[in-house]
file protein17.cif (mmCIF, C-alpha atoms and all ligand atoms)
data_structure
loop_
_atom_site.label_atom_id
_atom_site.label_comp_id
_atom_site.auth_asym_id
_atom_site.auth_seq_id
_atom_site.Cartn_x
_atom_site.Cartn_y
_atom_site.Cartn_z
CA MET R 1315 0.00 0.00 0.00
CA ALA R 1316 2.78 2.38 1.03
CA MET R 1317 4.65 1.45 -2.16
CA PHE R 1318 1.51 2.20 -4.15
CA ALA R 1319 1.15 5.62 -2.52
CA VAL R 1320 4.77 6.45 -3.27
CA ALA R 1321 4.33 5.36 -6.89
CA LEU R 1322 1.17 7.43 -7.21
CA VAL R 1323 2.80 10.56 -5.79
CA ALA R 1324 5.82 10.03 -8.05
CA ALA R 1325 3.54 9.65 -11.08
CA LEU R 1326 1.61 12.78 -10.15
CA LEU R 1327 4.79 14.76 -9.61
CA PHE R 1328 6.10 13.57 -12.95
CA SER R 1329 2.93 14.57 -14.78
CA VAL R 1330 2.96 17.97 -13.08
CA SER R 1331 6.60 18.66 -13.92
CA SER R 1332 6.23 17.40 -17.48
CA ALA R 1333 3.27 19.74 -17.90
CA PHE R 1334 5.78 22.61 -17.70
CA PRO R 1335 7.89 22.24 -20.83
CA TRP R 1336 9.87 25.38 -19.88
CA GLY R 1337 11.38 23.39 -17.03
CA GLY R 1338 11.36 23.68 -13.25
CA GLN R 1339 8.28 24.29 -11.18
CA LEU R 1340 7.50 27.72 -12.56
CA ASP R 1341 4.60 28.53 -14.85
CA PRO R 1342 4.09 31.52 -17.18
CA HIS R 1343 0.37 31.37 -16.40
CA PHE R 1344 0.86 31.50 -12.63
CA TYR R 1345 -0.96 34.83 -12.16
CA ASP R 1346 -3.50 34.43 -14.98
CA HIS R 1347 -6.39 34.18 -12.52
CA SER R 1348 -4.98 35.68 -9.31
CA CYS R 1349 -3.58 38.84 -10.92
CA PRO R 1350 -4.26 39.06 -14.65
CA GLN R 1351 -2.99 42.67 -14.78
CA ALA R 1352 0.41 41.79 -13.26
CA GLN R 1353 2.48 41.71 -16.43
CA GLN R 1354 0.86 44.87 -17.80
CA ILE R 1355 1.59 46.73 -14.54
CA VAL R 1356 5.26 45.75 -14.57
CA ALA R 1357 5.70 46.57 -18.27
CA SER R 1358 4.14 50.01 -17.96
CA ILE R 1359 6.26 51.07 -14.97
CA VAL R 1360 9.46 49.72 -16.56
CA GLY R 1361 8.54 51.63 -19.74
CA LYS R 1362 7.99 54.84 -17.79
CA ALA R 1363 11.23 54.44 -15.80
CA HIS R 1364 13.22 53.83 -18.99
CA TYR R 1365 11.62 56.87 -20.61
CA HIS R 1366 12.68 59.08 -17.69
CA GLU R 1367 16.13 57.55 -17.42
CA PRO R 1368 17.34 55.23 -20.22
CA ARG R 1369 20.04 53.65 -18.01
CA MET R 1370 17.37 52.26 -15.69
CA ALA R 1371 16.67 49.37 -18.06
CA ALA R 1372 20.26 48.18 -17.61
CA SER R 1373 20.08 48.58 -13.85
CA LEU R 1374 16.89 46.50 -13.60
CA LEU R 1375 18.29 43.77 -15.84
CA ARG R 1376 21.36 43.50 -13.60
CA LEU R 1377 19.24 43.26 -10.42
CA HIS R 1378 17.71 39.98 -11.62
CA PHE R 1379 21.22 38.57 -12.25
CA HIS R 1380 22.50 39.65 -8.83
CA ASP R 1381 19.36 38.17 -7.27
CA CYS R 1382 19.54 34.79 -9.02
CA PHE R 1383 23.25 34.18 -8.33
CA VAL R 1384 22.75 34.45 -4.56
CA LYS R 1385 20.58 31.68 -3.04
CA GLY R 1386 18.51 31.54 -6.25
CA CYS R 1387 15.98 33.98 -7.69
CA ASP R 1388 14.25 34.84 -4.42
CA ALA R 1389 14.44 38.66 -4.18
CA SER R 1390 17.05 38.39 -1.41
CA ILE R 1391 18.87 41.34 -3.02
CA LEU R 1392 15.91 43.62 -2.32
CA LEU R 1393 15.96 43.26 1.49
CA ASP R 1394 17.23 46.23 3.46
CA SER R 1395 19.27 45.63 6.60
CA SER R 1396 17.23 45.01 9.75
CA ALA R 1397 17.58 43.20 13.07
CA SER R 1398 17.60 39.83 11.30
CA VAL R 1399 18.99 40.78 7.89
CA THR R 1400 22.38 42.02 6.69
CA SER R 1401 21.49 43.47 3.33
CA GLU R 1402 23.17 42.20 0.15
CA LYS R 1403 23.07 45.84 -0.95
CA ARG R 1404 26.26 46.30 1.11
CA SER R 1405 28.23 43.57 -0.68
CA ILE R 1406 31.23 44.36 -2.86
CA PRO R 1407 29.42 43.82 -6.19
CA ASN R 1408 26.36 45.83 -5.08
CA LYS R 1409 27.63 48.70 -2.94
CA ASP R 1410 27.52 52.07 -4.79
CA SER R 1411 26.56 50.05 -7.83
CA ALA R 1412 23.28 48.10 -7.75
CA ARG R 1413 20.36 50.42 -8.44
CA GLY R 1414 16.73 50.45 -9.49
CA PHE R 1415 15.30 49.67 -6.05
CA GLU R 1416 12.91 52.63 -6.14
CA VAL R 1417 11.48 51.43 -9.45
CA VAL R 1418 10.92 47.97 -7.94
CA ASP R 1419 9.15 49.68 -5.00
CA GLU R 1420 6.89 51.53 -7.41
CA ILE R 1421 6.03 48.33 -9.30
CA LYS R 1422 5.36 46.47 -6.08
CA ALA R 1423 3.11 49.26 -4.73
CA ALA R 1424 1.04 49.16 -7.92
CA LEU R 1425 0.79 45.37 -7.73
CA GLU R 1426 -0.24 45.48 -4.06
CA ALA R 1427 -2.98 47.97 -4.94
CA ALA R 1428 -4.27 45.71 -7.73
CA CYS R 1429 -3.77 42.27 -6.12
CA PRO R 1430 -2.57 42.38 -2.50
CA ARG R 1431 0.05 39.82 -1.40
CA THR R 1432 -0.13 37.92 -4.66
CA VAL R 1433 2.83 38.73 -6.91
CA SER R 1434 6.29 38.03 -5.49
CA CYS R 1435 9.17 40.47 -5.58
CA ALA R 1436 11.29 37.75 -7.20
CA ASP R 1437 8.81 37.57 -10.09
CA VAL R 1438 8.82 41.37 -10.34
CA LEU R 1439 12.59 41.21 -10.93
CA ALA R 1440 12.23 38.47 -13.57
CA LEU R 1441 9.51 40.39 -15.44
CA ALA R 1442 11.34 43.73 -15.14
CA ALA R 1443 14.50 42.12 -16.59
CA ARG R 1444 12.56 40.87 -19.62
CA ASP R 1445 10.75 44.19 -20.10
CA SER R 1446 14.02 46.12 -19.77
CA THR R 1447 15.52 44.02 -22.55
CA VAL R 1448 12.50 44.63 -24.77
CA VAL R 1449 12.34 48.41 -24.23
CA THR R 1450 15.98 48.76 -25.23
CA GLY R 1451 15.46 46.85 -28.48
CA GLY R 1452 16.38 43.33 -27.42
CA PRO R 1453 14.44 40.06 -27.59
CA GLY R 1454 11.34 39.20 -25.61
CA TRP R 1455 10.54 35.85 -24.01
CA ILE R 1456 7.82 34.21 -21.96
CA VAL R 1457 8.71 34.49 -18.27
CA PRO R 1458 7.97 31.44 -16.10
CA LEU R 1459 6.43 32.69 -12.83
CA GLY R 1460 5.54 31.58 -9.33
CA ARG R 1461 8.77 32.32 -7.46
CA ARG R 1462 8.35 33.20 -3.79
CA ASP R 1463 10.40 35.63 -1.73
CA SER R 1464 13.17 34.71 0.69
CA LEU R 1465 13.03 35.17 4.44
CA GLY R 1466 16.67 36.25 4.54
CA ALA R 1467 19.68 37.50 2.62
CA SER R 1468 23.29 36.41 2.22
CA ILE R 1469 25.97 39.07 1.99
CA GLN R 1470 28.62 36.32 1.92
CA GLY R 1471 26.84 34.70 -1.01
CA SER R 1472 26.71 38.05 -2.77
CA ASN R 1473 30.44 38.61 -2.23
CA ASN R 1474 31.46 35.09 -3.25
CA ASP R 1475 29.02 33.88 -5.88
CA ILE R 1476 28.69 36.89 -8.19
CA PRO R 1477 31.70 36.96 -10.55
CA ALA R 1478 34.05 39.94 -10.23
CA PRO R 1479 35.29 41.98 -13.21
CA ASN R 1480 38.91 40.94 -12.56
CA ASN R 1481 38.16 37.22 -12.23
CA THR R 1482 39.91 34.90 -14.68
CA LEU R 1483 37.83 33.06 -17.27
CA PRO R 1484 38.13 29.70 -15.42
CA THR R 1485 36.85 31.35 -12.20
CA ILE R 1486 33.97 32.96 -14.07
CA ILE R 1487 33.09 29.66 -15.76
CA THR R 1488 33.13 27.92 -12.35
CA LYS R 1489 30.83 30.55 -10.82
CA PHE R 1490 28.35 30.11 -13.68
CA LYS R 1491 28.58 26.33 -13.42
CA LEU R 1492 27.69 26.56 -9.72
CA GLN R 1493 24.35 28.02 -10.87
CA GLY R 1494 23.85 25.33 -13.49
CA LEU R 1495 24.84 27.68 -16.31
CA ASP R 1496 27.23 26.65 -19.09
CA ILE R 1497 29.59 28.44 -21.48
CA VAL R 1498 26.83 29.29 -23.95
CA ASP R 1499 24.81 30.84 -21.11
CA LEU R 1500 27.87 32.78 -19.97
CA VAL R 1501 28.74 34.27 -23.34
CA ALA R 1502 25.11 35.00 -24.21
CA LEU R 1503 24.22 36.55 -20.83
CA LEU R 1504 27.29 38.77 -20.80
CA GLY R 1505 25.74 40.34 -23.90
CA SER R 1506 23.75 42.32 -21.30
CA HIS R 1507 26.80 44.55 -21.22
CA THR R 1508 25.54 45.98 -24.51
CA ILE R 1509 23.69 48.47 -22.27
CA GLY R 1510 24.50 50.28 -19.05
CA ASN R 1511 27.49 51.67 -17.22
CA ALA R 1512 30.49 50.66 -15.16
CA ARG R 1513 32.47 52.74 -12.70
CA CYS R 1514 36.16 53.53 -13.11
CA THR R 1515 36.98 51.36 -10.10
CA SER R 1516 35.64 48.30 -11.96
CA PHE R 1517 38.28 48.47 -14.71
CA ARG R 1518 41.07 50.88 -13.56
CA GLN R 1519 43.59 48.06 -13.13
CA ARG R 1520 43.48 47.44 -16.89
CA LEU R 1521 44.57 50.98 -17.69
CA TYR R 1522 47.71 51.07 -15.52
CA ASN R 1523 48.79 47.81 -13.95
CA GLN R 1524 46.89 44.75 -15.09
CA THR R 1525 49.20 42.00 -13.83
CA GLY R 1526 51.34 43.86 -11.28
CA ASN R 1527 54.15 44.66 -13.74
CA GLY R 1528 53.12 48.32 -14.13
CA LEU R 1529 51.80 47.80 -17.65
CA PRO R 1530 48.27 48.21 -19.01
CA ASP R 1531 46.24 45.18 -20.07
CA PHE R 1532 47.62 44.18 -23.47
CA THR R 1533 44.20 42.79 -24.43
CA LEU R 1534 42.75 46.34 -24.29
CA ASP R 1535 43.09 48.43 -27.48
CA PRO R 1536 45.72 51.11 -26.58
CA ALA R 1537 43.68 53.83 -28.31
CA ALA R 1538 40.62 52.89 -26.22
CA ALA R 1539 42.76 52.90 -23.06
CA ALA R 1540 44.04 56.40 -23.89
CA ILE R 1541 40.45 57.65 -24.21
CA LEU R 1542 39.47 56.10 -20.87
CA ARG R 1543 42.46 57.29 -18.78
CA PRO R 1544 41.52 61.00 -18.28
CA GLY R 1545 38.18 60.02 -16.72
CA CYS R 1546 39.70 57.14 -14.76
CA PRO R 1547 43.00 58.36 -13.30
CA ARG R 1548 45.42 56.25 -11.24
CA SER R 1549 43.76 57.54 -8.11
CA GLY R 1550 40.46 59.34 -7.58
CA GLY R 1551 37.38 59.28 -9.76
CA ASP R 1552 36.38 55.81 -8.54
CA GLN R 1553 32.68 56.44 -9.17
CA ASN R 1554 33.06 58.03 -12.62
CA LEU R 1555 30.79 56.27 -15.09
CA PHE R 1556 31.60 54.80 -18.50
CA PHE R 1557 29.46 53.00 -21.06
CA LEU R 1558 29.96 49.25 -21.16
CA ASP R 1559 29.25 49.49 -24.93
CA HIS R 1560 30.60 52.87 -26.04
CA VAL R 1561 29.16 52.56 -29.58
CA THR R 1562 25.43 51.99 -28.90
CA PRO R 1563 25.17 52.36 -25.10
CA PHE R 1564 21.38 52.47 -24.85
CA LYS R 1565 20.54 49.89 -27.50
CA PHE R 1566 20.30 46.19 -26.80
CA ASP R 1567 22.10 44.78 -29.83
CA ASN R 1568 25.16 42.64 -30.66
CA GLN R 1569 27.57 45.60 -30.71
CA TYR R 1570 29.10 44.36 -27.42
CA TYR R 1571 30.59 41.34 -29.23
CA LYS R 1572 31.84 43.52 -32.10
CA ASN R 1573 33.63 45.66 -29.52
CA LEU R 1574 35.26 42.57 -28.02
CA LEU R 1575 36.63 41.63 -31.47
CA LEU R 1576 38.23 45.11 -31.62
CA ARG R 1577 39.67 44.62 -28.09
CA GLN R 1578 37.38 47.35 -26.86
CA GLY R 1579 35.52 45.47 -24.14
CA LEU R 1580 35.45 47.67 -21.04
CA LEU R 1581 35.87 45.08 -18.29
CA SER R 1582 38.57 42.45 -18.13
CA SER R 1583 35.75 39.91 -17.61
CA ASP R 1584 34.30 41.02 -20.95
CA GLU R 1585 37.48 40.77 -23.02
CA VAL R 1586 38.44 37.34 -21.59
CA LEU R 1587 35.49 35.87 -23.46
CA LEU R 1588 37.54 36.49 -26.61
CA THR R 1589 41.05 35.97 -25.30
CA GLY R 1590 40.50 33.28 -22.65
CA SER R 1591 39.41 30.18 -24.55
CA PRO R 1592 38.66 29.04 -28.11
CA ALA R 1593 35.17 27.90 -27.09
CA THR R 1594 34.07 31.28 -25.69
CA ALA R 1595 35.87 33.11 -28.54
CA GLY R 1596 33.89 31.05 -31.07
CA LEU R 1597 30.63 32.16 -29.45
CA VAL R 1598 31.77 35.81 -29.37
CA LYS R 1599 32.43 35.62 -33.13
CA LEU R 1600 29.11 33.89 -33.75
CA TYR R 1601 27.12 36.54 -31.86
CA ALA R 1602 29.11 39.41 -33.42
CA SER R 1603 28.18 38.13 -36.87
CA ASN R 1604 24.62 37.02 -36.14
CA GLN R 1605 22.39 39.12 -33.89
CA ALA R 1606 19.40 36.80 -34.38
CA ILE R 1607 21.28 33.85 -32.85
CA PHE R 1608 22.51 36.07 -30.01
CA PHE R 1609 18.92 37.14 -29.27
CA GLN R 1610 17.71 33.54 -29.37
CA HIS R 1611 20.43 32.30 -27.02
CA PHE R 1612 20.08 35.32 -24.73
CA ALA R 1613 16.34 34.74 -24.26
CA ARG R 1614 16.88 31.04 -23.59
CA SER R 1615 19.66 31.68 -21.08
CA MET R 1616 17.65 34.35 -19.26
CA VAL R 1617 14.87 31.79 -18.70
CA LYS R 1618 17.51 29.33 -17.50
CA MET R 1619 19.04 31.89 -15.12
CA GLY R 1620 15.55 32.79 -13.88
CA ASN R 1621 14.99 29.13 -12.99
CA VAL R 1622 17.91 28.99 -10.55
CA SER R 1623 16.63 27.54 -7.23
CA PRO R 1624 13.29 29.36 -6.97
CA LEU R 1625 11.30 29.09 -3.75
CA THR R 1626 7.91 27.56 -4.58
CA GLY R 1627 4.92 25.99 -2.87
CA GLY R 1628 5.01 26.66 0.87
CA LYS R 1629 8.58 27.95 0.94
CA GLY R 1630 9.32 31.62 1.57
CA GLU R 1631 6.53 34.18 1.37
CA ILE R 1632 5.00 36.87 -0.79
CA ARG R 1633 6.42 40.07 0.67
CA SER R 1634 4.10 43.03 0.75
CA ASN R 1635 7.11 45.36 0.76
CA CYS R 1636 10.12 44.09 -1.21
CA ARG R 1637 12.53 45.71 1.27
CA ARG R 1638 11.45 43.68 4.31
CA ILE R 1639 10.09 40.34 5.31
CA ASN R 1640 6.45 40.26 6.47
CA ARG R 1641 6.00 40.39 10.23
CA ASN R 1642 2.94 38.09 10.43
C1 LIG R 1701 31.18 37.34 -15.54
C2 LIG R 1701 30.03 37.85 -15.21
C3 LIG R 1701 29.80 39.30 -14.94
C4 LIG R 1701 30.64 40.24 -14.39
C5 LIG R 1701 32.06 40.04 -13.89
C6 LIG R 1701 29.93 41.48 -14.39
C7 LIG R 1701 30.43 42.66 -13.88
C8 LIG R 1701 29.80 43.87 -13.98
C9 LIG R 1701 30.35 45.11 -13.49
C10 LIG R 1701 31.67 45.26 -12.77
C11 LIG R 1701 29.47 46.09 -13.81
C12 LIG R 1701 29.65 47.57 -13.49
C13 LIG R 1701 29.34 47.81 -12.04
C14 LIG R 1701 29.84 49.15 -11.55
O1 LIG R 1701 30.96 49.52 -11.90
O2 LIG R 1701 29.11 49.80 -10.78
C15 LIG R 1701 28.37 45.49 -14.49
C16 LIG R 1701 27.28 46.17 -14.97
C17 LIG R 1701 26.21 45.55 -15.57
N1 LIG R 1701 25.99 44.21 -15.67
FE1 LIG R 1701 27.35 42.75 -15.37
N2 LIG R 1701 28.69 41.30 -14.94
C18 LIG R 1701 28.57 39.98 -15.28
C19 LIG R 1701 27.45 39.37 -15.81
C20 LIG R 1701 26.27 40.00 -16.06
C21 LIG R 1701 25.04 39.32 -16.38
C22 LIG R 1701 24.88 37.80 -16.47
C23 LIG R 1701 24.10 40.29 -16.55
C24 LIG R 1701 22.64 40.15 -16.88
C25 LIG R 1701 22.04 39.05 -17.21
C26 LIG R 1701 24.75 41.57 -16.35
C27 LIG R 1701 24.18 42.79 -16.51
C28 LIG R 1701 24.79 44.00 -16.28
C29 LIG R 1701 24.22 45.28 -16.65
C30 LIG R 1701 22.94 45.49 -17.43
C31 LIG R 1701 25.10 46.26 -16.17
C32 LIG R 1701 24.91 47.78 -16.21
C33 LIG R 1701 24.12 48.20 -14.99
C34 LIG R 1701 23.83 49.69 -14.86
O3 LIG R 1701 24.14 50.48 -15.74
O4 LIG R 1701 23.26 50.07 -13.82
N3 LIG R 1701 26.06 41.35 -16.02
N4 LIG R 1701 28.58 44.13 -14.57
#

call {"tool": "encode", "arguments": {"input": "protein17.cif", "output": "structure tokens", "more": "lines below"}}
Ligand code: HEM
result
Amino acid sequence: MAMFAVALVAALLFSVSSAFPWGGQLDPHFYDHSCPQAQQIVASIVGKAHYHEPRMAASLLRLHFHDCFVKGCDASILLDSSASVTSEKRSIPNKDSARGFEVVDEIKAALEAACPRTVSCADVLALAARDSTVVTGGPGWIVPLGRRDSLGASIQGSNNDIPAPNNTLPTIITKFKLQGLDIVDLVALLGSHTIGNARCTSFRQRLYNQTGNGLPDFTLDPAAAAILRPGCPRSGGDQNLFFLDHVTPFKFDNQYYKNLLLRQGLLSSDEVLLTGSPATAGLVKLYASNQAIFFQHFARSMVKMGNVSPLTGGKGEIRSNCRRINRN
């Protein structure tokens, strides 16, 4: 009898999971009945935010990445510090860098007004990342939904699990692998750097002393380095901003990969895709020559990244304010 019950539950679980061809336990139709306006609300506020400040699309896209790489896509990045929480906003990758939290607050307030305690903050980040890609000219995709929000944060996870701009290619590949993401995901997802900014402090080393021998990074075009140096001196100017893609900084396109071929990637972690291994270099060349394939792979990898360890069922909660866990 017990065996039969186990077999029945296993069969049910199998039929449920196989009903979701997009993989995992998430479902694009999750809010169809409980909050049919959800996707429209997110899209309209992302559209408005991008209209007021074009960089915001990039900032929102990055938030989903920094969320998913730390304990899964559970909105842990959105928690402010409190008695029980040390905010991930203070981590090395996020401090003075991660932004867009006010836009998330605005989206969440609109969702709470329409459908209280229904749409998770983690799903807001996943939808806002997709909508940010679309408003800047990139591909769209169907977003699997139903993530729940964490009851805590991990500043250690944020410091350790998010790749750093001076990491070597093997380290970066390992950090992606830890999330279940492969080399194709890595090269496609880094195409996000076709929009948005980086601070001087994120790439200064390349301009002056890449390997400790007092010489600039030889994989950076010397003419590009000369243009960057006045705004990013040896000391000072840490927070000065530069476009990650200096050719079409507000357009989601495949220019990022074309820049890499010219040795004009801004971050060391960008250029190593070309210089670090034949496999990643092959993908860089493919995407530089074929934007349609880049878009296809990017959309697929964003869904994959969005599926990293979501909280579902009875785990976690639906926060009513993305910055704090619910009291009761
Ligand atoms: C090897 C992996 C990655 C590294 C080392 C990396 C590193 C960085 C750094 C250092 C910045 C600039 C931060 C600053 O100076 O304030 C940045 C910006 C950005 N990153 Fe990444 N990143 C990686 C992967 C990704 C992925 C997977 C995505 C999205 C799916 C992404 C999206 C963005 C965007 C859109 C920006 C611009 C944000 C803005 O303008 O506010 N990055 N990244």

call {"tool": "residues_around", "arguments": {"input": "protein17.cif", "residues": "R:Arg1513", "least_positions_apart": "2", "cutoff": "6 Å", "atoms": "all atoms listed in the file", "output": "NGL selection string"}}
result
:R and (1515-1516 or 1553-1555)

call {"tool": "closest_atom_pairs", "arguments": {"input": "protein17.cif", "of": "chain R", "to": "ligand LIG 1701 (chain R)", "cutoff": "7 Å", "atoms": "all atoms listed in the file", "output": "Markdown table"}}
result
| residue | atom | partner | partner_atom | distance |
| --- | --- | --- | --- | --- |
| R:Arg1369 | CA | R:LIG1701 | O3 | 5.7 |
| R:Met1370 | CA | R:LIG1701 | O4 | 6.6 |
| R:Ala1372 | CA | R:LIG1701 | C30 | 3.8 |
| R:Ser1373 | CA | R:LIG1701 | O4 | 3.5 |
| R:Leu1375 | CA | R:LIG1701 | C30 | 5.2 |
| R:Arg1376 | CA | R:LIG1701 | C27 | 4.1 |
| R:Phe1379 | CA | R:LIG1701 | C25 | 5.1 |
| R:Asp1410 | CA | R:LIG1701 | O2 | 6.6 |
| R:Ser1411 | CA | R:LIG1701 | O2 | 3.9 |
| R:Ala1412 | CA | R:LIG1701 | O4 | 6.4 |
| R:Arg1413 | CA | R:LIG1701 | O4 | 6.1 |
| R:Pro1477 | CA | R:LIG1701 | C5 | 4.6 |
| R:Ala1478 | CA | R:LIG1701 | C5 | 4.2 |
| R:Pro1479 | CA | R:LIG1701 | C5 | 3.8 |
| R:Asn1481 | CA | R:LIG1701 | C5 | 6.9 |
| R:Ile1486 | CA | R:LIG1701 | C1 | 5.4 |
| R:Leu1500 | CA | R:LIG1701 | C22 | 6.8 |
| R:Leu1503 | CA | R:LIG1701 | C22 | 4.6 |
| R:Leu1504 | CA | R:LIG1701 | C21 | 5.0 |
| R:Ser1506 | CA | R:LIG1701 | C27 | 4.8 |
| R:His1507 | CA | R:LIG1701 | C29 | 5.3 |
| R:Ile1509 | CA | R:LIG1701 | C30 | 5.7 |
| R:Gly1510 | CA | R:LIG1701 | O3 | 3.3 |
| R:Asn1511 | CA | R:LIG1701 | O3 | 3.9 |
| R:Ala1512 | CA | R:LIG1701 | O1 | 3.5 |
| R:Arg1513 | CA | R:LIG1701 | O1 | 3.6 |
| R:Cys1514 | CA | R:LIG1701 | O1 | 6.7 |
| R:Thr1515 | CA | R:LIG1701 | O1 | 6.5 |
| R:Ser1516 | CA | R:LIG1701 | O1 | 4.8 |
| R:Leu1581 | CA | R:LIG1701 | C10 | 6.9 |
| R:Ser1583 | CA | R:LIG1701 | C5 | 5.2 |
| R:Met1616 | CA | R:LIG1701 | C25 | 6.8 |

call {"tool": "atom_distance", "arguments": {"input": "protein17.cif", "atom1": "atom CA of R:Lys1362", "atom2": "atom CA of R:Val1501"}}
result
29.7 Å

call {"tool": "residues_around", "arguments": {"input": "protein17.cif", "residues": "R:Gly1361", "least_positions_apart": "6", "cutoff": "8 Å", "atoms": "all atoms listed in the file", "output": "ChimeraX atom specification"}}
result
/R:1445-1446,1449

call {"tool": "residues_around", "arguments": {"input": "protein17.cif", "residues": "R:Ala1397", "least_positions_apart": "2", "cutoff": "12 Å", "atoms": "all atoms listed in the file", "output": "ChimeraX atom specification"}}
result
/R:1393-1395,1399-1401,1466,1638-1639

call {"tool": "closest_residue", "arguments": {"input": "protein17.cif", "among": "R:Gln1339, R:Ser1603, R:Ser1464, R:Gln1610", "to": "R:Gly1630", "atoms": "all atoms listed in the file"}}
result
R:Ser1464

call {"tool": "atom_distance", "arguments": {"input": "protein17.cif", "atom1": "atom CA of R:Asp1381", "atom2": "atom CA of R:Lys1409"}}
result
14.1 Å

call {"tool": "residues_near_point", "arguments": {"input": "protein17.cif", "point": "(19.6, 46.1, -29.7)", "cutoff": "10 Å", "atoms": "only C-alpha atoms", "output": "list in words"}}
result
Thr1447, Val1448, Val1449, Thr1450, Gly1451, Gly1452, Pro1453, Thr1508, Ile1509, Thr1562, Pro1563, Phe1564, Lys1565, Phe1566, Asp1567, Asn1568, Gln1569, Tyr1570, Gln1605 and Phe1609 of chain R

call {"tool": "atom_distance", "arguments": {"input": "protein17.cif", "atom1": "atom CA of R:Asp1499", "atom2": "atom CA of R:Pro1624"}}
result
18.3 Å

call {"tool": "residues_around", "arguments": {"input": "protein17.cif", "residues": "R:Ala1423", "least_positions_apart": "4", "cutoff": "12 Å", "atoms": "all atoms listed in the file", "output": "list in words"}}
result
Ala1352, Ile1355, Val1356, Ile1359, Glu1416, Val1417, Val1418, Asp1419, Ala1427, Ala1428, Cys1429, Pro1430, Arg1431, Thr1432, Val1433, Ser1434, Cys1435, Val1438, Arg1633, Ser1634, Asn1635, Cys1636 and Arg1637 of chain R
